[in-house]
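Written out below as structure tokens is the structure these notes cover.
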Amino acid sequence: MTITLGLDVSHWNTVDWDYWADKGYKFVYIKATEGVSFKDDQMAAHRAAAKQRGFLVGPYHFFRANYDPETQATRFRNYTKDLEWDLPPAIDCETQDNASQATYRTRIRAMLLAAENEFSRKPIIYTSRYLWHKLVGSLDIAANYDLWVAHYTTAARPLIPDDWKAAGWTIWQFTSAPLDQNRFNGSLEDLKEWAGITPPGGDLEKRVAALEEYVMKLKQWTKNAP
């Protein structure tokens with residue numbers, strides 16, 4: 001299995017970016033907001049330091065089910081919109097906030113749709129198998145969104161919520177020591193394609209060059225044909 005290594009960080013973390021870049025880590029998700037009031041004051045600094053070392057960066061929002069989801073989506077977008085991001089926004093689902101499954105299900109559904117509308121791209125959902133089953137149970141639109149699953153294990157693959165049994169995982173947070181570390185399910189080029197940085201099939205210039213080379217060979221074969 002081909003994977004690409006990455007991190008996720010927040011104001012709680014002091015990061016030696018050179019160390020992680022030298023170890024081959026290529027992307028990072030950075031906490032931006034939580035609920036309707038918290039803004040991570042280290043977001044911009046983390047992003048600038050990561051970009052300077054060549055990391056692909058994306059923002060994440062810590063969802064709180066006891067606050068209005070549309071307001072959360074708007075504040076998430078407003079706090080991040082003046083910075084350039086490479087990766088889709090992420091919605092972190094891990095706290096119940098005394099919400100029933102029915103309430104959580106209704107509000108996370110609204111949050112996902114609102115965030116997609118605010119960012120004009122689908123967010124990725126961060127959760128674990130245990131938490132998703134506890135908080136949500138099942139959500140009819142879950143598989144429309146890619147999964148960032150948390151499962152700390154040395155096993156070859158993570159356990160994932162039933163809603164993604166067919167689709168599988170996109171990012172896997174496999175440990176939290178010394179920082180939260182992740183695996184993207186694919187190569188760096190796959191990651192860039194998933195993020196929309198390069199078109200499907202790889203770098204456009206390389207594909208055009210390969211096509212031109214093929215056409216030239218085809219012409220030569222035709223010329224030399226008996």
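Labels used: A, B, ... for chains in the order of the structure tokens, numbers from 1 for residues in each chain, and numbers from 1 for ligands as shown.
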- Task: For A:Lys134, work out the shell of residues within 9 Å, counting only C-alpha atoms and skipping chain neighbours fewer than 4 positions away, then give it as a ChimeraX atom specification.
- Result: /A:96,101,129-130
Output N, CA, C and O atoms for every residue in that selection, as a JSON list (two decimals), in the first residue's frame.
```json
[["chain", "number", "residue", "atom", "x", "y", "z"],
["A", 96, "GLN", "N", -19.60, 14.68, 22.15],
["A", 96, "GLN", "CA", -21.06, 14.52, 22.15],
["A", 96, "GLN", "C", -21.79, 15.77, 22.60],
["A", 96, "GLN", "O", -22.88, 16.07, 22.12],
["A", 101, "GLN", "N", -28.26, 11.07, 19.84],
["A", 101, "GLN", "CA", -27.85, 10.68, 18.50],
["A", 101, "GLN", "C", -28.67, 11.40, 17.45],
["A", 101, "GLN", "O", -28.15, 11.85, 16.43],
["A", 129, "ARG", "N", -14.19, 4.94, 14.45],
["A", 129, "ARG", "CA", -15.31, 4.00, 14.36],
["A", 129, "ARG", "C", -16.17, 4.07, 15.62],
["A", 129, "ARG", "O", -17.39, 4.20, 15.55],
["A", 130, "TYR", "N", -15.52, 4.04, 16.78],
["A", 130, "TYR", "CA", -16.26, 4.07, 18.04],
["A", 130, "TYR", "C", -17.06, 5.36, 18.18],
["A", 130, "TYR", "O", -18.25, 5.34, 18.52]]
```
- Query: Could you name the residues that touch stretch 103-119 of chain A at 6 Å or less, counting only C-alpha atoms, but leaving out those on the same chain fewer than 6 positions away, as a ChimeraX atom specification?
  - Reply: /A:65,69-70,73,136
Keeping C-alpha atoms, export the residues of the selection given above as a JSON list (two decimals), in the first residue's frame.
```json
[["chain", "number", "residue", "atom", "x", "y", "z"],
["A", 65, "ALA", "CA", -23.21, 19.74, 18.56],
["A", 69, "PRO", "CA", -24.15, 24.31, 12.65],
["A", 70, "GLU", "CA", -24.66, 27.05, 10.05],
["A", 73, "ALA", "CA", -19.63, 26.77, 9.19],
["A", 136, "VAL", "CA", -24.26, 9.48, 15.00]]
```
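The smallest atom-to-atom distance between A:Glu94 and any of A:Tyr19, A:Met1, A:Arg64, A:Thr74, using only C-alpha atoms, is found for A:Arg64.
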- Item | stretch 38-51 of chain A surroundings by only C-alpha atoms, 10 Å radius, close-in-sequence under 5 positions cut, as an MDAnalysis selection string | chainID A and resid 9:18 20:21 26:33 56:62 75:76 79:80 83:86
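Taking atom CA of A:Gly196 and atom CA of A:Gln173 as endpoints, the distance between them is 21.6 Å.
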- Going by DSSP on the backbone, which bits of stretch 47-201 of chain A are helix (DSSP H, G or I)? Write them as number ranges by chain, please. A: 47-52, 69-80, 101-119, 129-135, 142-144, 162-164, 188-195
Selected residues written out with C-alpha atoms, as a JSON list (two decimals), in the first residue's frame:
```
[["chain", "number", "residue", "atom", "x", "y", "z"],
["A", 47, "ARG", "CA", 0.32, 27.51, 8.31],
["A", 48, "ALA", "CA", 3.14, 29.91, 7.40],
["A", 49, "ALA", "CA", 5.81, 27.68, 8.94],
["A", 50, "ALA", "CA", 4.40, 24.57, 7.25],
["A", 51, "LYS", "CA", 4.15, 26.24, 3.83],
["A", 52, "GLN", "CA", 7.73, 27.49, 4.15],
["A", 69, "PRO", "CA", -24.15, 24.31, 12.65],
["A", 70, "GLU", "CA", -24.66, 27.05, 10.05],
["A", 71, "THR", "CA", -23.05, 29.59, 12.36],
["A", 72, "GLN", "CA", -20.12, 27.24, 12.93],
["A", 73, "ALA", "CA", -19.63, 26.77, 9.19],
["A", 74, "THR", "CA", -19.73, 30.51, 8.54],
["A", 75, "ARG", "CA", -17.24, 31.31, 11.29],
["A", 76, "PHE", "CA", -14.94, 28.50, 10.10],
["A", 77, "ARG", "CA", -14.95, 29.94, 6.59],
["A", 78, "ASN", "CA", -14.58, 33.56, 7.71],
["A", 79, "TYR", "CA", -11.56, 32.78, 9.88],
["A", 80, "THR", "CA", -9.74, 30.90, 7.12],
["A", 101, "GLN", "CA", -27.85, 10.68, 18.50],
["A", 102, "ALA", "CA", -30.84, 12.15, 16.69],
["A", 103, "THR", "CA", -29.77, 15.71, 17.51],
["A", 104, "TYR", "CA", -26.15, 15.10, 16.63],
["A", 105, "ARG", "CA", -27.16, 13.43, 13.37],
["A", 106, "THR", "CA", -29.35, 16.39, 12.38],
["A", 107, "ARG", "CA", -26.75, 18.99, 13.28],
["A", 108, "ILE", "CA", -23.71, 17.29, 11.74],
["A", 109, "ARG", "CA", -25.71, 16.82, 8.56],
["A", 110, "ALA", "CA", -26.47, 20.55, 8.53],
["A", 111, "MET", "CA", -22.82, 21.34, 9.32],
["A", 112, "LEU", "CA", -21.49, 19.28, 6.42],
["A", 113, "LEU", "CA", -23.90, 20.84, 3.93],
["A", 114, "ALA", "CA", -23.23, 24.35, 5.23],
["A", 115, "ALA", "CA", -19.45, 23.88, 5.15],
["A", 116, "GLU", "CA", -19.63, 22.51, 1.62],
["A", 117, "ASN", "CA", -21.61, 25.58, 0.60],
["A", 118, "GLU", "CA", -19.25, 27.99, 2.42],
["A", 119, "PHE", "CA", -16.04, 26.51, 0.97],
["A", 129, "ARG", "CA", -15.31, 4.00, 14.36],
["A", 130, "TYR", "CA", -16.26, 4.07, 18.04],
["A", 131, "LEU", "CA", -17.07, 7.77, 18.13],
["A", 132, "TRP", "CA", -19.10, 7.81, 14.92],
["A", 133, "HIS", "CA", -21.24, 4.91, 16.04],
["A", 134, "LYS", "CA", -21.71, 6.52, 19.44],
["A", 135, "LEU", "CA", -22.40, 10.07, 18.25],
["A", 142, "ALA", "CA", -21.83, 10.22, 5.24],
["A", 143, "ALA", "CA", -20.29, 8.33, 2.32],
["A", 144, "ASN", "CA", -20.63, 11.45, 0.16],
["A", 162, "ASP", "CA", -19.87, 1.19, 8.90],
["A", 163, "ASP", "CA", -20.97, 4.19, 6.81],
["A", 164, "TRP", "CA", -17.64, 4.00, 4.93],
["A", 188, "LEU", "CA", 1.96, 12.39, -3.08],
["A", 189, "GLU", "CA", 0.65, 12.77, -6.62],
["A", 190, "ASP", "CA", -2.58, 11.07, -5.55],
["A", 191, "LEU", "CA", -2.81, 13.53, -2.66],
["A", 192, "LYS", "CA", -2.37, 16.47, -5.02],
["A", 193, "GLU", "CA", -5.05, 15.10, -7.33],
["A", 194, "TRP", "CA", -7.44, 14.56, -4.39],
["A", 195, "ALA", "CA", -6.82, 18.11, -3.26]]
```
- Task: Would you mind writing down, as a ChimeraX atom specification, each residue of stretch 59-182 of chain A that DSSP on the backbone assigns to strand (DSSP E or B)?
- Result: /A:59-62,90-92,124-127,147-150,171-175,180-182
- Task: Figure out the distance between atom CA of A:Arg53 and atom CA of A:Thr2, please, to one decimal in Å.
- Result: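 It comes out at 22.5 Å.
Excluding A:Leu5 itself and same-chain residues fewer than 6 positions from it, the residues having an atom within 6 Å of it are Tyr25, Lys26, Asn182 and Arg183 of chain A, counting only C-alpha atoms.
Atom pair atom CA of A:Gly168 / atom CA of A:Asp146 has a distance of 8.4 Å (rounded to one decimal).
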- Message: Between A:Ser128, A:Ser120, A:Asn66, A:Ser37, which residue has the minimum interatomic distance to A:Asp92, considering only C-alpha atoms?
- Response: A:Ser128
- Query: Which of these residues is nearest to A:Phe174, using only C-alpha atoms: A:Ile141, A:Ile125, A:Ala156, A:Leu147?
  - Reply: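 Residue with the minimum atom-to-atom distance to A:Phe174: A:Ala156.
Distances to A:Ile197 were evaluated for A:Ala177, A:Val36, A:Leu7, A:Leu87 using only C-alpha atoms, and the minimum falls at A:Leu87.
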- Task: Counting only C-alpha atoms, figure out which residue out of A:Thr127, A:Ser138, A:Gln181, A:Ser176 gets nearest to A:Leu159.
- Result: A:Thr127
